[in-house]
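Novice: One file: start-v4.tsv (TSV, C-alpha atoms and all ligand atoms).
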chain	number	residue	atom	x	y	z
A	1	MET	CA	-48.13	3.99	-0.43
A	2	ALA	CA	-48.28	2.98	-4.08
A	3	GLU	CA	-45.34	4.20	-6.20
A	4	PRO	CA	-46.29	7.05	-8.54
A	5	LYS	CA	-46.72	5.87	-12.11
A	6	LYS	CA	-43.68	6.59	-14.30
A	7	ARG	CA	-44.41	9.12	-16.99
A	8	VAL	CA	-43.66	8.00	-20.51
A	9	THR	CA	-42.31	10.74	-22.74
A	10	ASP	CA	-40.83	10.86	-26.20
A	11	ILE	CA	-37.82	12.82	-24.95
A	12	GLY	CA	-34.41	11.14	-24.86
A	13	PRO	CA	-33.61	7.44	-24.96
A	14	PRO	CA	-35.98	4.88	-23.45
A	15	ASN	CA	-35.21	3.74	-19.91
A	16	TYR	CA	-32.46	1.12	-20.10
A	17	GLU	CA	-34.11	-1.04	-17.46
A	18	GLN	CA	-36.57	-2.46	-19.94
A	19	PHE	CA	-33.70	-3.90	-22.02
A	20	LEU	CA	-31.78	-5.62	-19.23
A	21	PRO	CA	-31.44	-9.41	-19.46
A	22	PRO	CA	-33.52	-11.04	-16.68
A	23	ILE	CA	-30.44	-12.25	-14.79
A	24	ILE	CA	-29.02	-8.71	-14.63
A	25	LYS	CA	-32.37	-7.28	-13.53
A	26	LYS	CA	-32.59	-9.90	-10.78
A	27	ASN	CA	-29.05	-9.32	-9.48
A	28	TYR	CA	-28.86	-5.56	-10.13
A	29	GLY	CA	-26.49	-3.98	-7.61
A	30	LYS	CA	-25.98	-7.35	-5.92
A	31	TRP	CA	-22.96	-8.78	-7.71
A	32	LYS	CA	-20.42	-10.28	-5.34
A	33	TYR	CA	-17.34	-10.58	-7.54
A	34	HIS	CA	-16.17	-11.23	-11.07
A	35	GLU	CA	-13.21	-13.06	-12.54
A	36	ILE	CA	-11.64	-13.63	-15.94
A	37	LEU	CA	-11.90	-17.25	-17.03
A	38	LYS	CA	-9.86	-17.06	-20.24
A	39	PRO	CA	-9.10	-14.44	-22.92
A	40	GLY	CA	-12.32	-12.59	-23.70
A	41	VAL	CA	-14.46	-14.51	-21.22
A	42	MET	CA	-15.42	-13.50	-17.68
A	43	VAL	CA	-17.98	-14.46	-15.09
A	44	HIS	CA	-19.93	-12.30	-12.65
A	45	VAL	CA	-21.19	-14.10	-9.56
A	46	GLY	CA	-24.17	-12.67	-7.69
A	47	GLU	CA	-24.94	-12.81	-3.97
A	48	SER	CA	-27.78	-15.13	-5.02
A	49	GLY	CA	-25.24	-17.56	-6.51
A	50	ASP	CA	-26.35	-16.73	-10.07
A	51	LYS	CA	-23.58	-16.69	-12.68
A	52	LEU	CA	-23.46	-14.43	-15.72
A	53	PHE	CA	-20.86	-15.24	-18.38
A	54	THR	CA	-19.62	-12.50	-20.71
A	55	VAL	CA	-17.97	-13.23	-24.06
A	56	ARG	CA	-16.34	-10.14	-25.58
A	57	ALA	CA	-15.71	-10.02	-29.33
A	58	ALA	CA	-13.94	-7.42	-31.44
A	59	SER	CA	-16.18	-5.30	-33.60
A	60	PRO	CA	-15.43	-2.54	-36.07
A	61	ARG	CA	-17.08	0.76	-35.23
A	62	LEU	CA	-18.84	1.11	-38.55
A	63	ILE	CA	-21.06	-1.88	-39.24
A	64	CYS	CA	-23.74	-2.63	-41.80
A	65	THR	CA	-27.20	-4.06	-41.25
A	66	ASP	CA	-26.05	-7.54	-42.35
A	67	LYS	CA	-23.51	-7.54	-39.55
A	68	ILE	CA	-26.07	-6.37	-37.02
A	69	ARG	CA	-28.33	-9.26	-38.13
A	70	ASP	CA	-25.42	-11.70	-37.65
A	71	TYR	CA	-24.93	-10.42	-34.11
A	72	ALA	CA	-28.67	-10.57	-33.43
A	73	ASP	CA	-28.83	-14.21	-34.64
A	74	LEU	CA	-26.04	-15.16	-32.22
A	75	ALA	CA	-27.73	-13.29	-29.38
A	76	GLU	CA	-30.98	-15.17	-30.12
A	77	LYS	CA	-29.17	-18.51	-30.27
A	78	TYR	CA	-27.11	-18.14	-27.10
A	79	CYS	CA	-28.30	-15.25	-24.93
A	80	GLY	CA	-32.10	-15.01	-25.04
A	81	GLY	CA	-31.79	-12.16	-27.54
A	82	HIS	CA	-29.56	-9.92	-25.41
A	83	LEU	CA	-26.21	-8.34	-26.27
A	84	ARG	CA	-24.48	-5.07	-25.56
A	85	PHE	CA	-21.82	-2.82	-27.03
A	86	THR	CA	-19.10	-1.47	-24.78
A	87	SER	CA	-17.96	2.14	-25.00
A	88	ARG	CA	-14.94	0.94	-27.02
A	89	HIS	CA	-16.96	-0.88	-29.67
A	90	ASN	CA	-16.57	-4.40	-28.36
A	91	VAL	CA	-19.70	-6.49	-28.65
A	92	GLU	CA	-20.49	-8.54	-25.55
A	93	PHE	CA	-22.70	-11.61	-25.43
A	94	LEU	CA	-24.17	-12.43	-22.01
A	95	LEU	CA	-24.81	-16.10	-21.26
A	96	THR	CA	-26.24	-17.97	-18.33
A	97	ASP	CA	-25.22	-21.40	-19.62
A	98	GLU	CA	-21.46	-21.97	-19.33
A	99	SER	CA	-21.57	-25.01	-21.61
A	100	LYS	CA	-22.46	-22.78	-24.60
A	101	ILE	CA	-19.40	-20.52	-24.35
A	102	ASP	CA	-17.05	-22.47	-26.63
A	103	SER	CA	-19.71	-22.96	-29.26
A	104	LEU	CA	-20.43	-19.19	-29.28
A	105	ILE	CA	-16.70	-18.42	-29.57
A	106	LYS	CA	-16.46	-20.76	-32.57
A	107	ASP	CA	-19.48	-19.16	-34.25
A	108	LEU	CA	-17.98	-15.69	-33.68
A	109	LYS	CA	-14.63	-16.77	-35.14
A	110	ASP	CA	-16.41	-18.27	-38.14
A	111	ILE	CA	-17.89	-14.86	-38.99
A	112	GLY	CA	-14.53	-13.13	-38.47
A	113	HIS	CA	-14.78	-11.83	-34.91
A	114	PRO	CA	-11.96	-12.79	-32.56
A	115	VAL	CA	-12.71	-12.97	-28.84
A	116	GLY	CA	-10.51	-11.14	-26.33
A	117	GLY	CA	-9.88	-7.65	-24.97
A	118	ILE	CA	-10.68	-8.35	-21.31
A	119	GLY	CA	-8.18	-7.73	-18.51
A	120	ASN	CA	-4.50	-7.19	-19.34
A	121	ALA	CA	-5.08	-6.85	-23.04
A	122	ILE	CA	-5.84	-4.21	-25.64
A	123	SER	CA	-9.55	-3.60	-26.14
A	124	SER	CA	-11.02	-2.54	-29.51
A	125	ILE	CA	-9.81	0.95	-30.43
A	126	VAL	CA	-12.53	3.57	-29.99
A	127	HIS	CA	-12.54	6.04	-32.87
A	128	THR	CA	-14.43	8.85	-34.53
A	129	GLN	CA	-15.63	9.51	-38.07
A	130	GLY	CA	-12.61	10.32	-40.19
A	131	TRP	CA	-12.30	11.89	-43.60
A	132	VAL	CA	-15.31	10.11	-45.01
A	133	HIS	CA	-17.90	11.24	-42.50
A	134	CYS	CA	-16.92	14.50	-40.80
A	135	HIS	CA	-16.18	17.91	-42.25
A	136	SER	CA	-13.49	18.94	-39.76
A	137	ALA	CA	-11.35	15.79	-39.79
A	138	ALA	CA	-7.59	16.30	-39.89
A	139	THR	CA	-7.01	12.62	-40.52
A	140	ASP	CA	-8.84	9.39	-41.17
A	141	ALA	CA	-10.24	7.16	-38.41
A	142	SER	CA	-11.05	3.58	-39.43
A	143	GLY	CA	-8.00	3.39	-41.74
A	144	ILE	CA	-5.44	4.20	-39.04
A	145	VAL	CA	-7.20	2.11	-36.42
A	146	LYS	CA	-7.14	-0.91	-38.72
A	147	ALA	CA	-3.42	-0.43	-39.45
A	148	VAL	CA	-2.57	-0.06	-35.73
A	149	MET	CA	-4.76	-2.94	-34.60
A	150	ASP	CA	-3.29	-5.29	-37.23
A	151	GLU	CA	0.10	-4.75	-35.53
A	152	LEU	CA	-1.21	-5.09	-31.97
A	153	PHE	CA	-3.70	-7.89	-32.57
A	154	GLU	CA	-1.75	-10.49	-30.54
A	155	TYR	CA	-2.39	-8.33	-27.45
A	156	PHE	CA	-6.17	-8.53	-28.01
A	157	SER	CA	-6.53	-12.27	-28.18
A	158	GLU	CA	-3.93	-13.07	-25.48
A	159	ARG	CA	-3.44	-11.60	-22.02
A	160	LYS	CA	0.29	-10.94	-22.12
A	161	LEU	CA	0.46	-7.21	-21.38
A	162	PRO	CA	1.30	-5.96	-17.87
A	163	GLY	CA	-1.99	-4.06	-17.58
A	164	LYS	CA	-4.97	-2.85	-19.54
A	165	LEU	CA	-4.21	-1.02	-22.78
A	166	ARG	CA	-6.81	1.39	-24.12
A	167	ILE	CA	-6.18	3.22	-27.40
A	168	ALA	CA	-8.43	5.92	-28.84
A	169	LEU	CA	-8.51	8.02	-31.99
A	170	ALA	CA	-10.16	11.38	-32.65
A	171	CYS	CA	-9.75	12.94	-36.07
A	172	CYS	CA	-9.71	16.55	-34.80
A	173	LEU	CA	-9.39	18.49	-31.57
A	174	ASN	CA	-13.15	18.34	-31.01
A	175	MET	CA	-12.22	14.92	-29.68
A	176	CYS	CA	-15.40	12.91	-30.17
A	177	GLY	CA	-13.32	9.86	-29.16
A	178	ALA	CA	-11.95	9.14	-25.69
A	179	VAL	CA	-8.54	10.58	-26.51
A	180	HIS	CA	-8.35	12.66	-23.33
A	181	CYS	CA	-8.38	9.56	-21.11
A	182	SER	CA	-6.67	6.69	-22.94
A	183	ASP	CA	-3.31	5.00	-22.46
A	184	ILE	CA	-2.45	5.99	-26.03
A	185	ALA	CA	-4.40	8.58	-27.98
A	186	ILE	CA	-4.15	9.28	-31.71
A	187	LEU	CA	-5.33	12.81	-32.42
A	188	GLY	CA	-5.64	14.46	-35.83
A	189	ILE	CA	-4.37	18.03	-35.87
A	190	HIS	CA	-4.54	20.96	-38.24
A	191	THR	CA	-1.52	23.25	-38.42
A	192	LYS	CA	-2.87	26.26	-40.31
A	193	PRO	CA	-5.49	28.90	-39.42
A	194	PRO	CA	-8.85	28.86	-41.24
A	195	ARG	CA	-9.14	30.32	-44.75
A	196	VAL	CA	-12.03	32.77	-44.67
A	197	ASP	CA	-14.33	32.88	-47.72
A	198	HIS	CA	-15.49	36.47	-47.32
A	199	LYS	CA	-17.94	36.26	-50.23
A	200	THR	CA	-20.05	33.50	-48.68
A	201	LEU	CA	-19.55	33.96	-44.94
A	202	LYS	CA	-22.38	36.44	-44.32
A	203	LYS	CA	-24.81	34.27	-46.30
A	204	MET	CA	-23.90	30.98	-44.61
A	205	CYS	CA	-23.02	31.91	-41.03
A	206	GLU	CA	-24.03	34.25	-38.22
A	207	ILE	CA	-21.11	36.58	-37.57
A	208	PRO	CA	-21.74	36.92	-33.78
A	209	SER	CA	-21.93	33.11	-33.41
A	210	VAL	CA	-18.75	32.64	-35.43
A	211	SER	CA	-16.89	35.25	-33.36
A	212	ALA	CA	-18.14	33.69	-30.11
A	213	SER	CA	-17.12	30.18	-31.21
A	214	CYS	CA	-13.41	30.89	-30.91
A	215	PRO	CA	-11.96	29.81	-27.55
A	216	THR	CA	-8.98	32.16	-27.90
A	217	ALA	CA	-10.94	35.21	-29.14
A	218	ALA	CA	-8.99	35.15	-32.40
A	219	ILE	CA	-12.01	36.01	-34.55
A	220	ARG	CA	-13.50	39.48	-34.86
A	221	PRO	CA	-16.10	41.00	-37.19
A	222	ALA	CA	-14.58	42.87	-40.14
A	223	THR	CA	-15.56	44.28	-43.53
A	224	VAL	CA	-13.28	42.80	-46.19
A	225	ASP	CA	-13.42	43.83	-49.86
A	226	GLY	CA	-16.87	45.29	-49.18
A	227	PHE	CA	-18.24	42.06	-47.66
A	228	ASP	CA	-19.49	41.78	-44.08
A	229	SER	CA	-17.24	39.03	-42.74
A	230	VAL	CA	-14.69	38.21	-40.02
A	231	GLU	CA	-10.92	38.31	-39.69
A	232	VAL	CA	-8.68	35.88	-37.85
A	233	ILE	CA	-5.78	37.06	-35.69
A	234	GLU	CA	-3.39	34.32	-36.76
A	235	GLU	CA	-1.01	34.54	-33.77
A	236	GLN	CA	-3.95	33.73	-31.48
A	237	CYS	CA	-5.26	30.80	-33.54
A	238	MET	CA	-4.58	27.30	-32.20
A	239	PHE	CA	-6.08	25.53	-35.28
A	240	CYS	CA	-8.86	23.91	-33.25
A	241	ALA	CA	-11.51	24.09	-36.03
A	242	ASN	CA	-14.21	25.21	-33.62
A	243	CYS	CA	-15.09	28.06	-36.00
A	244	TYR	CA	-15.34	25.66	-38.95
A	245	THR	CA	-17.78	23.55	-36.95
A	246	VAL	CA	-20.20	26.48	-36.84
A	247	CYS	CA	-19.27	28.13	-40.14
A	248	PRO	CA	-18.60	26.25	-43.40
A	249	SER	CA	-16.98	29.40	-44.86
A	250	MET	CA	-13.90	28.92	-42.66
A	251	PRO	CA	-12.28	25.62	-43.77
A	252	LEU	CA	-8.82	24.82	-42.44
A	253	ASN	CA	-8.32	21.26	-43.71
A	254	ASP	CA	-5.22	20.72	-45.79
A	255	PRO	CA	-4.09	17.23	-46.80
A	256	GLU	CA	-0.44	18.35	-46.88
A	257	THR	CA	-0.21	20.16	-43.54
A	258	ASP	CA	-2.74	18.23	-41.44
A	259	GLY	CA	-1.32	15.32	-39.46
A	260	ILE	CA	-1.39	13.26	-36.30
A	261	SER	CA	-0.24	13.81	-32.73
A	262	LEU	CA	0.15	11.05	-30.13
A	263	TRP	CA	-0.82	11.43	-26.48
A	264	VAL	CA	-0.15	9.01	-23.64
A	265	GLY	CA	-0.89	8.16	-20.05
A	266	GLY	CA	-4.64	8.80	-19.71
A	267	LYS	CA	-7.08	6.49	-17.97
A	268	VAL	CA	-10.66	6.49	-16.70
A	269	SER	CA	-10.18	3.90	-13.98
A	270	ASP	CA	-9.56	5.04	-10.42
A	271	ALA	CA	-7.94	1.73	-9.44
A	272	ARG	CA	-4.62	2.32	-7.58
A	273	THR	CA	-4.27	5.94	-8.80
A	274	PRO	CA	-6.83	8.62	-9.73
A	275	PRO	CA	-8.03	8.99	-13.35
A	276	LYS	CA	-5.54	10.83	-15.56
A	277	PHE	CA	-5.67	13.01	-18.65
A	278	SER	CA	-3.54	11.97	-21.62
A	279	LYS	CA	-0.46	14.15	-22.22
A	280	LEU	CA	1.30	15.10	-25.43
A	281	ALA	CA	4.07	12.73	-26.50
A	282	VAL	CA	4.57	13.17	-30.26
A	283	PRO	CA	3.46	16.60	-31.60
A	284	PHE	CA	3.28	15.70	-35.30
A	285	LEU	CA	3.41	12.70	-37.61
A	286	PRO	CA	2.41	12.95	-41.26
A	287	ASN	CA	-0.79	11.61	-42.74
A	288	ASN	CA	0.49	8.71	-44.74
A	289	PRO	CA	-2.42	6.58	-45.97
A	290	PRO	CA	-3.30	3.83	-46.51
A	291	ARG	CA	-1.25	2.25	-43.67
A	292	TRP	CA	0.19	5.24	-41.71
A	293	PRO	CA	3.57	3.47	-41.08
A	294	GLU	CA	5.05	6.30	-38.94
A	295	VAL	CA	2.07	6.24	-36.57
A	296	VAL	CA	1.91	2.45	-36.39
A	297	ASP	CA	5.67	2.11	-35.71
A	298	MET	CA	5.64	4.72	-32.94
A	299	ILE	CA	2.62	3.21	-31.18
A	300	LYS	CA	4.05	-0.28	-31.39
A	301	HIS	CA	7.34	0.98	-29.98
A	302	MET	CA	5.61	2.71	-27.05
A	303	VAL	CA	3.57	-0.40	-26.27
A	304	GLU	CA	6.67	-2.59	-26.37
A	305	ILE	CA	8.78	-0.43	-24.02
A	306	TRP	CA	5.87	-0.22	-21.56
A	307	ALA	CA	5.20	-3.98	-21.78
A	308	LYS	CA	8.88	-4.75	-21.14
A	309	ASP	CA	9.35	-2.47	-18.17
A	310	ALA	CA	6.01	-2.03	-16.36
A	311	ARG	CA	5.08	-3.76	-13.11
A	312	PRO	CA	2.05	-6.07	-13.03
A	313	TYR	CA	-1.20	-4.14	-13.60
A	314	GLU	CA	0.66	-0.82	-14.07
A	315	ARG	CA	-1.14	1.31	-16.69
A	316	MET	CA	0.99	3.31	-19.12
A	317	GLY	CA	0.49	6.63	-17.28
A	318	GLU	CA	1.34	5.06	-13.92
A	319	TRP	CA	4.48	3.53	-15.43
A	320	ILE	CA	5.57	6.85	-16.96
A	321	GLU	CA	5.06	8.68	-13.67
A	322	ARG	CA	7.13	6.06	-11.87
A	323	ILE	CA	10.04	6.11	-14.31
A	324	THR	CA	9.55	9.90	-14.91
A	325	TRP	CA	8.62	11.70	-18.12
A	326	PRO	CA	12.24	12.54	-19.14
A	327	ARG	CA	13.11	8.84	-19.03
A	328	PHE	CA	9.98	7.92	-20.98
A	329	PHE	CA	10.92	10.44	-23.70
A	330	LYS	CA	14.40	8.91	-23.81
A	331	LEU	CA	13.17	5.33	-24.04
A	332	ALA	CA	10.58	6.24	-26.68
A	333	GLY	CA	13.09	8.32	-28.69
A	334	ILE	CA	10.92	11.45	-28.52
A	335	LYS	CA	12.61	14.86	-28.72
A	336	PHE	CA	11.35	17.60	-26.37
A	337	GLN	CA	9.90	20.40	-28.52
A	338	LYS	CA	8.19	23.74	-27.95
A	339	GLU	CA	4.79	22.08	-28.47
A	340	HIS	CA	5.33	20.15	-25.24
A	341	ILE	CA	5.17	23.37	-23.21
A	342	ASP	CA	1.62	24.03	-22.04
A	343	ASP	CA	0.92	27.68	-22.93
A	344	PHE	CA	-2.79	27.72	-22.07
A	345	LYS	CA	-3.62	30.67	-19.80
A	346	HIS	CA	-4.15	28.43	-16.75
A	347	ALA	CA	-1.00	26.39	-17.45
A	348	GLY	CA	0.81	27.91	-14.47
A	349	LEU	CA	-1.21	25.62	-12.25
A	350	SER	CA	0.25	22.55	-13.92
A	351	PHE	CA	3.88	23.68	-14.08
A	352	ASN	CA	6.42	21.83	-12.00
A	353	ARG	CA	7.48	24.17	-9.21
A	354	THR	CA	10.55	22.32	-7.96
A	355	ALA	CA	13.90	21.31	-9.40
A	356	GLN	CA	12.95	17.67	-8.74
A	357	ILE	CA	12.06	16.70	-12.27
A	358	THR	CA	13.73	13.32	-12.29
A	359	HIS	CA	12.73	11.97	-8.89
A	360	VAL	CA	11.19	8.51	-8.75
A	361	ASN	CA	7.74	8.50	-7.15
A	362	SER	CA	7.64	4.95	-5.92
A	401	LIG	FE1	-15.54	15.29	-36.64
A	401	LIG	FE2	-13.57	16.14	-35.06
A	401	LIG	FE3	-15.42	14.50	-34.11
A	401	LIG	FE4	-13.62	13.65	-35.88
A	401	LIG	S1	-13.21	14.32	-33.78
A	401	LIG	S2	-15.79	13.18	-35.90
A	401	LIG	S3	-13.38	15.45	-37.18
A	401	LIG	S4	-15.75	16.62	-34.86
A	402	LIG	FE1	-10.34	30.30	-33.21
A	402	LIG	FE2	-9.99	27.66	-33.37
A	402	LIG	FE3	-10.99	29.03	-35.45
A	402	LIG	FE4	-8.43	29.32	-34.76
A	402	LIG	S1	-9.39	27.46	-35.54
A	402	LIG	S2	-9.83	30.94	-35.29
A	402	LIG	S3	-8.53	29.14	-32.51
A	402	LIG	S4	-11.93	28.77	-33.44
Mind turning the file's structure into structure tokens?
Specialist:
Amino acid sequence: MAEPKKRVTDIGPPNYEQFLPPIIKKNYGKWKYHEILKPGVMVHVGESGDKLFTVRAASPRLICTDKIRDYADLAEKYCGGHLRFTSRHNVEFLLTDESKIDSLIKDLKDIGHPVGGIGNAISSIVHTQGWVHCHSAATDASGIVKAVMDELFEYFSERKLPGKLRIALACCLNMCGAVHCSDIAILGIHTKPPRVDHKTLKKMCEIPSVSASCPTAAIRPATVDGFDSVEVIEEQCMFCANCYTVCPSMPLNDPETDGISLWVGGKVSDARTPPKFSKLAVPFLPNNPPRWPEVVDMIKHMVEIWAKDARPYERMGEWIERITWPRFFKLAGIKFQKEHIDDFKHAGLSFNRTAQITHVNS
């Protein structure tokens, strides 16, 4: 029976199949194995014997049209017009001719894009919008990522870490970046409840929507100074900015009191151990532009103690669970504070229920 004709709609993105390079289309689902040939270069070998070479280059998240044209020119020259971006902002060129790899790497370096980030290395840091582009940011994005990556760059272009290292940044708790599942996560945090502009709130926002937006039910309708508005029960507020996302009359940004928290141990991969959520390590570091030295120093320190002590291929979260969290805090020089206690209403499920807090798992 003939296959039914696919319907073409204008809803959602176009089907990705039409953009696949011919070699990927031909070997789809039939790859036998892959291996890393050198920093930033790997090969996939198909059951058919076909070989697909990937060259991964660093890319900033925010790029201009000139840069996109540069990438497109290289893709035309070496890859039949195909390239792809990874979820962490690396740009990958896919070649079928091995002899062109070194020439592509040289061309990439000439336009300022180092090659690396595959295997036991740091990949480009995925990040969100920052002060410039998003209204609820508690910190910047590109600025901190640049400062951190400048310090960790040697781990991108060389494979000298024990395992993969994935770092993410989100500039508020809405977490548009992959901060919940990265080895190290940089997360902007507010520390004060929203300031309600009672005069404008009714005109700019729907009171029922604003009240419903609060995950802790801290907002309730109220009449204040004769204006229909809302009030915030401050003890219930966790400074998440959800209300500000739906209502511009409830800003909570403050350059002095906003800052950065660091989270560790998350991963998406289910190799060896199941995927893990990142957990809080450092509750607060100040916003200190333009180079955020406190944040950079702490991240570098955490990477170095993990790199020194971890077993081959051990991700940061796996290493911490093996050496135990108390020992990790000691090695990293982090003090245990009240913010480390999970007080969410379902937290009981995650509490340790034995006295064995320092046992070694493996
Ligand atoms: Fe905006 Fe928050 Fe997303 Fe950053 S993480 S882009 S501040 S919503
Ligand atoms: Fe509720 Fe979050 Fe707004 Fe606080 S910041 S009032 S917790 S929505």
Novice: Around all the atoms of ligand LIG 401 (chain A) listed in the file, draw an axis-aligned box and extend it by 6 Å on each of the six sides; I want its centre and edge lengths in Å to one decimal, as JSON.
Specialist:
{"center_x": -14.5, "center_y": 14.9, "center_z": -35.5, "size_x": 14.6, "size_y": 15.4, "size_z": 15.4}
Novice: So how many Å separate CA of Lys77 (chain A) and CA of Ser124 (chain A), to one decimal?
Specialist: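 Computed distance, CA of Lys77 (chain A) to CA of Ser124 (chain A), equals 24.2 Å.
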Novice: Which chain A residues have any atom within 9 Å of an atom of ligand LIG 402 (chain A), and for each, what is the nearest pair of atoms with distance in Å to one decimal, counting only C-alpha atoms and all ligand atoms, rows sorted by chain and number, as a tab-separated table?
Specialist:
residue	atom	partner	partner_atom	distance
A:His190	CA	A:LIG402	S1	8.5
A:Lys192	CA	A:LIG402	S1	8.2
A:Pro193	CA	A:LIG402	FE4	5.5
A:Pro194	CA	A:LIG402	S1	5.9
A:Val210	CA	A:LIG402	S4	8.1
A:Ser211	CA	A:LIG402	S4	8.2
A:Ala212	CA	A:LIG402	S4	8.6
A:Ser213	CA	A:LIG402	S4	5.8
A:Cys214	CA	A:LIG402	S4	3.6
A:Pro215	CA	A:LIG402	FE1	5.9
A:Thr216	CA	A:LIG402	S3	5.5
A:Ala217	CA	A:LIG402	FE1	6.4
A:Ala218	CA	A:LIG402	FE1	5.1
A:Ile219	CA	A:LIG402	S2	5.6
A:Glu231	CA	A:LIG402	S2	8.7
A:Val232	CA	A:LIG402	S2	5.7
A:Ile233	CA	A:LIG402	S2	7.3
A:Glu234	CA	A:LIG402	FE4	7.4
A:Gln236	CA	A:LIG402	S3	6.6
A:Cys237	CA	A:LIG402	FE4	3.7
A:Met238	CA	A:LIG402	S3	4.4
A:Phe239	CA	A:LIG402	S1	3.8
A:Cys240	CA	A:LIG402	FE2	3.9
A:Ala241	CA	A:LIG402	S1	4.0
A:Asn242	CA	A:LIG402	S4	4.2
A:Cys243	CA	A:LIG402	S4	4.1
A:Tyr244	CA	A:LIG402	FE3	6.5
A:Thr245	CA	A:LIG402	S4	8.6
A:Met250	CA	A:LIG402	FE3	7.8
A:Pro251	CA	A:LIG402	S1	8.9
A:Leu252	CA	A:LIG402	S1	7.4
Novice: Which is closer to ligand LIG 401 (chain A) than all the others in A:Gly143, A:Gly46, A:Gly188, A:Gly265, using only C-alpha atoms and all ligand atoms?
Specialist: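 Selected residue with least distance to ligand LIG 401 (chain A): A:Gly188.
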Novice: Within 8 Å of region 106-115 of chain A, counting all atoms listed in the file, which residues show up once you throw out same-chain ones fewer than 2 positions away? Write them as a ChimeraX atom specification, please.
Specialist: /A:39-41,55-59,74,102-104,117,156-157
Novice: Store the residues of this selection in a file with C-alpha atoms, as a PDB file, keeping the file's coordinate frame.
Specialist:
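Writing the result to selection.pdb gives the following:
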ATOM      1  CA  PRO A  39      -9.100 -14.440 -22.920  1.00  0.00           C
ATOM      2  CA  GLY A  40     -12.320 -12.590 -23.700  1.00  0.00           C
ATOM      3  CA  VAL A  41     -14.460 -14.510 -21.220  1.00  0.00           C
ATOM      4  CA  VAL A  55     -17.970 -13.230 -24.060  1.00  0.00           C
ATOM      5  CA  ARG A  56     -16.340 -10.140 -25.580  1.00  0.00           C
ATOM      6  CA  ALA A  57     -15.710 -10.020 -29.330  1.00  0.00           C
ATOM      7  CA  ALA A  58     -13.940  -7.420 -31.440  1.00  0.00           C
ATOM      8  CA  SER A  59     -16.180  -5.300 -33.600  1.00  0.00           C
ATOM      9  CA  LEU A  74     -26.040 -15.160 -32.220  1.00  0.00           C
ATOM     10  CA  ASP A 102     -17.050 -22.470 -26.630  1.00  0.00           C
ATOM     11  CA  SER A 103     -19.710 -22.960 -29.260  1.00  0.00           C
ATOM     12  CA  LEU A 104     -20.430 -19.190 -29.280  1.00  0.00           C
ATOM     13  CA  GLY A 117      -9.880  -7.650 -24.970  1.00  0.00           C
ATOM     14  CA  PHE A 156      -6.170  -8.530 -28.010  1.00  0.00           C
ATOM     15  CA  SER A 157      -6.530 -12.270 -28.180  1.00  0.00           C
TER      16      SER A 157
END
Novice: Counting all atoms listed in the file, figure out which residue out of A:Trp131, A:Phe85, A:Phe284, A:Tyr313 gets nearest to ligand LIG 401 (chain A).
Specialist: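 Answer, going by the shortest atom-to-atom distance: A:Trp131.
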